[in-house]
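Right, one structure below, let's go through it.
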Amino acid sequence: MTPTPTAALERAAAVGASAGDALGDLLADVAALERMIRWAQAQQYRAVEAARRLHAEVEGVTGSSGSAEREMATRSFVAELATVLVAPEATAGRLAADAGRLAGPRAATLVALAAGTVGVPHVRSMLELTGDLPVDSADELERRSLDGAAQRTSSDFRRRVRRLRERLHPEPLATRRRRAAEERRMHLDPAPDGMAWLSLFMEAERAVAIVDRLDSLAAASVDRGRGAPNETSRDRRTSAQRCVDLAADLLMSGILDEGDAAPATRRIAPRVTVTVPVLSLLGVTDEPAELDGYGPIDAETARIIAAHAPSVRRLLVDPETGAALSYGRTSYRVGADLAGYLRVRDGRCRFPGCSRRAVRSDIDHTTAWAHGGGTDADNLAHLCRTHHRLKHESGWRMVNEPGGVIRWASPAGHVLRTYPEVPFDPVPRSSRVGAPPPAGVIDRSGPEAPPSPEPVLPTAGRAEIGDDVEPPWLHAAPAA
Ligand SMILES: [Zn+2]
């Protein structure tokens, strides 16, 4: 019989049922529903793994396909799964990976989930804590952990698995810690009311500025590393690792452990991009502004940032007049003004569900320049490196629609749309480069650009970001 809370509630309301009986019924229903949820979750893992196999077939993966081809098919599937679940790709990726392991080496855990003896938190702990164990030890850990698991809460279960893991792990803790430390990284979480967590709860503009400065310092230290005299002396840290190391040095000692290069890094100031509606800046309206990497901030804060902070990059856009947004077929390169407009319009990578910031993404010609595509706002969009590759190397297809909307078609035939972060009114196609400059756009950088009372049109220069007709990685040798 399928229990439903409604039936139990009706019984509770029925004349003659004592409150005690009704309560007993309801609690039994709660327990039965939990078993059903666990069973359903097990079925979802099975369906995900079966779908992954079929998707690989649709993408043309065969027994003789190479590892690069399989890897791209998996990425394409994860993107498809993320859009179906309206979940971040990282979540979908974990679900797909978990489903694969539960269909293979951790099948006993999936059976326990389907039977309702463990829940999803137990399963997560099991997968995480058996992840890097040799097969024999992992099997042993799973067998001993599942024994009696039905009577353990998920936190109790996790403690027990961790203790068992320490006993069964053939590798010393110090070695494991060294490997785990490779994963160090910095993460900013936007919070409501103009605040953010950098695991310091603070005003969003300060958090964004800190992240930006650390990113810039890390990039500067990579550039210096290129001059290393030989392979062995080269710094092999990722930029994520560098960010954390720089933050730790600054917080713990106030100075950067960067040797002779320290004076150069001191000069790097954070740069914050704020998009302020012109009328808000003038104090005429209180329409919120956009802080790049965060979202909306109040007009008052935006006015203060735009007027006083020396390191703020201001991009003022008047949707009535617009910027020079179309280069047509006159230039493959995306001008700085158009790039700035696209950065604000897109905000993030335009792949469904991706949250990689536009400033860290490529600008892609939707219809390739080589195939007659123009350098126009309606043929350009930001794609992060991962999704840029996916567009070129898998079955995903995109089309620009009016109003900055991007239409995607997945390999499985789903149609999805992504919308601009900041929608602008359509800009007339006649506002090409070379046409009389429209008023109302300011785009200046750094301390050398004090606030100007006069709106100034940016010069249409070479873009900082651009893609090539054939991105260099298209022909790169697949990773071993
Ligand atoms: Zn992306």
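By convention here, the chains of the structure tokens are called A, B, ... in the order presented, each chain's residues are numbered starting at 1, and ligands are numbered starting at 1 in the order presented.
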
Per residue of chain A within 6 Å of ligand 1, record the nearest atom pair and its distance in Å to one decimal, counting only C-alpha atoms and all ligand atoms, with rows in chain order and ascending residue number, as a Markdown table.
```
| residue | atom | partner | partner_atom_place_in_ligand_line | distance |
| --- | --- | --- | --- | --- |
| A:Cys349 | CA | ligand 1 | 1 (Zn) | 4.6 |
| A:Phe351 | CA | ligand 1 | 1 (Zn) | 5.2 |
| A:Cys354 | CA | ligand 1 | 1 (Zn) | 4.6 |
| A:Arg356 | CA | ligand 1 | 1 (Zn) | 5.6 |
| A:Leu383 | CA | ligand 1 | 1 (Zn) | 5.4 |
| A:Cys384 | CA | ligand 1 | 1 (Zn) | 4.2 |
| A:Thr386 | CA | ligand 1 | 1 (Zn) | 6.0 |
| A:His387 | CA | ligand 1 | 1 (Zn) | 4.7 |
```

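Proximity to Trp39 in chain A at 12 Å, evaluated using only C-alpha atoms and with sequence-adjacent residues fewer than 2 positions away removed, yields Ala32, Leu33, Glu34, Arg35, Met36, Ile37, Gln41, Ala42, Gln43, Gln44, Tyr45, Arg46, Leu110, Val111, Ala112, Leu113, Ala114, Ala115, Gly116, Thr117, Val118, Gly119 and Val120 of chain A.
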
Next item on the list: Please identify all polymer residues within 8 Å of Thr366 in chain A, counting only C-alpha atoms, omitting same-chain residues fewer than 6 positions from it, and present them as a ChimeraX atom specification.
Entry: /A:373,379-381,398-400

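Distance annotation: of A:Glu393, A:Glu89, A:Asp136, A:Asp245, the residue with the minimal separation from Glu69 in chain A is A:Glu393; atom set is only C-alpha atoms.
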
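Coordinates place CA of Arg143 in chain A at a distance of 14.2 Å from CA of Arg163 in chain A.
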
Note to self: List as a list of chain:residue names the protein and nucleic acid residues near Arg165 in chain A, meaning an atom at most 8 Å away when only C-alpha atoms are counted, but skip any in the same chain fewer than 2 places from it.
What the structure shows: A:Leu129, A:Thr130, A:Leu141, A:Val161, A:Arg162, A:Arg163, A:Arg167, A:Leu168, A:His169

Notebook entry, point to check: Between A:Arg152, A:Arg184, A:Arg397, A:Arg70, which has the minimum distance to His414 in chain A (counting only C-alpha atoms)?
Noted result: A:Arg397

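Rounded to one decimal, CA of Glu142 in chain A and CA of Gly93 in chain A lie 22.8 Å from each other.
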
Margin query: Would you compute the distance between CA of Thr74 in chain A and CA of Ala409 in chain A? Give it in Å to one decimal.
Written below: 16.8 Å

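With only C-alpha atoms taken into account, the protein and nucleic acid residues at most 9 Å from Val422 in chain A (excluding it and anything under 3 positions from it in its own chain) are Glu290, Val344, Arg345, Asp346, Gly347 and Tyr419 of chain A.
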
Using the selection just defined, write its residues with N, CA and C atoms as a compact mmCIF listing (two decimals), in the first residue's frame.
```txt
# COMPACT_ATOMS: atom_id res chain seq x y z
N GLU A 290 25.00 47.41 -11.09
CA GLU A 290 25.49 46.03 -11.11
C GLU A 290 26.96 46.01 -10.75
N VAL A 344 28.98 43.20 -19.69
CA VAL A 344 27.88 43.60 -18.82
C VAL A 344 26.60 42.86 -19.21
N ARG A 345 26.34 42.76 -20.52
CA ARG A 345 25.12 42.09 -20.99
C ARG A 345 25.11 40.62 -20.54
N ASP A 346 26.24 39.91 -20.78
CA ASP A 346 26.28 38.47 -20.49
C ASP A 346 26.51 38.20 -19.00
N GLY A 347 27.39 38.94 -18.39
CA GLY A 347 27.68 38.74 -16.96
C GLY A 347 28.44 37.45 -16.71
N TYR A 419 19.37 33.83 -20.83
CA TYR A 419 18.99 35.23 -20.96
C TYR A 419 20.11 36.14 -20.48
```

Check: Leaving out Ala56 in chain A and any residue of its chain fewer than 5 positions from it, which residues lie within 9 Å of it when counting only C-alpha atoms, given as number ranges by chain?
Finding: A: 51, 61-62, 70, 73-74, 76-77

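Nearest residue to Glu171 in chain A, choosing from A:Leu188, A:Ala87, A:Leu133, A:Ala370 and counting only C-alpha atoms: A:Leu133.
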
Selection near Met195 in chain A, 7 Å with only C-alpha atoms, sequence-local residues under 6 positions removed, as a tab-separated table (two decimals) with C-alpha atoms, in the first residue's frame:
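Okay, out-v2.tsv is ready:
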```
chain	number	residue	atom	x	y	z
A	202	MET	CA	31.52	41.51	4.46
A	203	GLU	CA	30.25	44.10	2.00
A	204	ALA	CA	30.12	42.69	-1.53
```
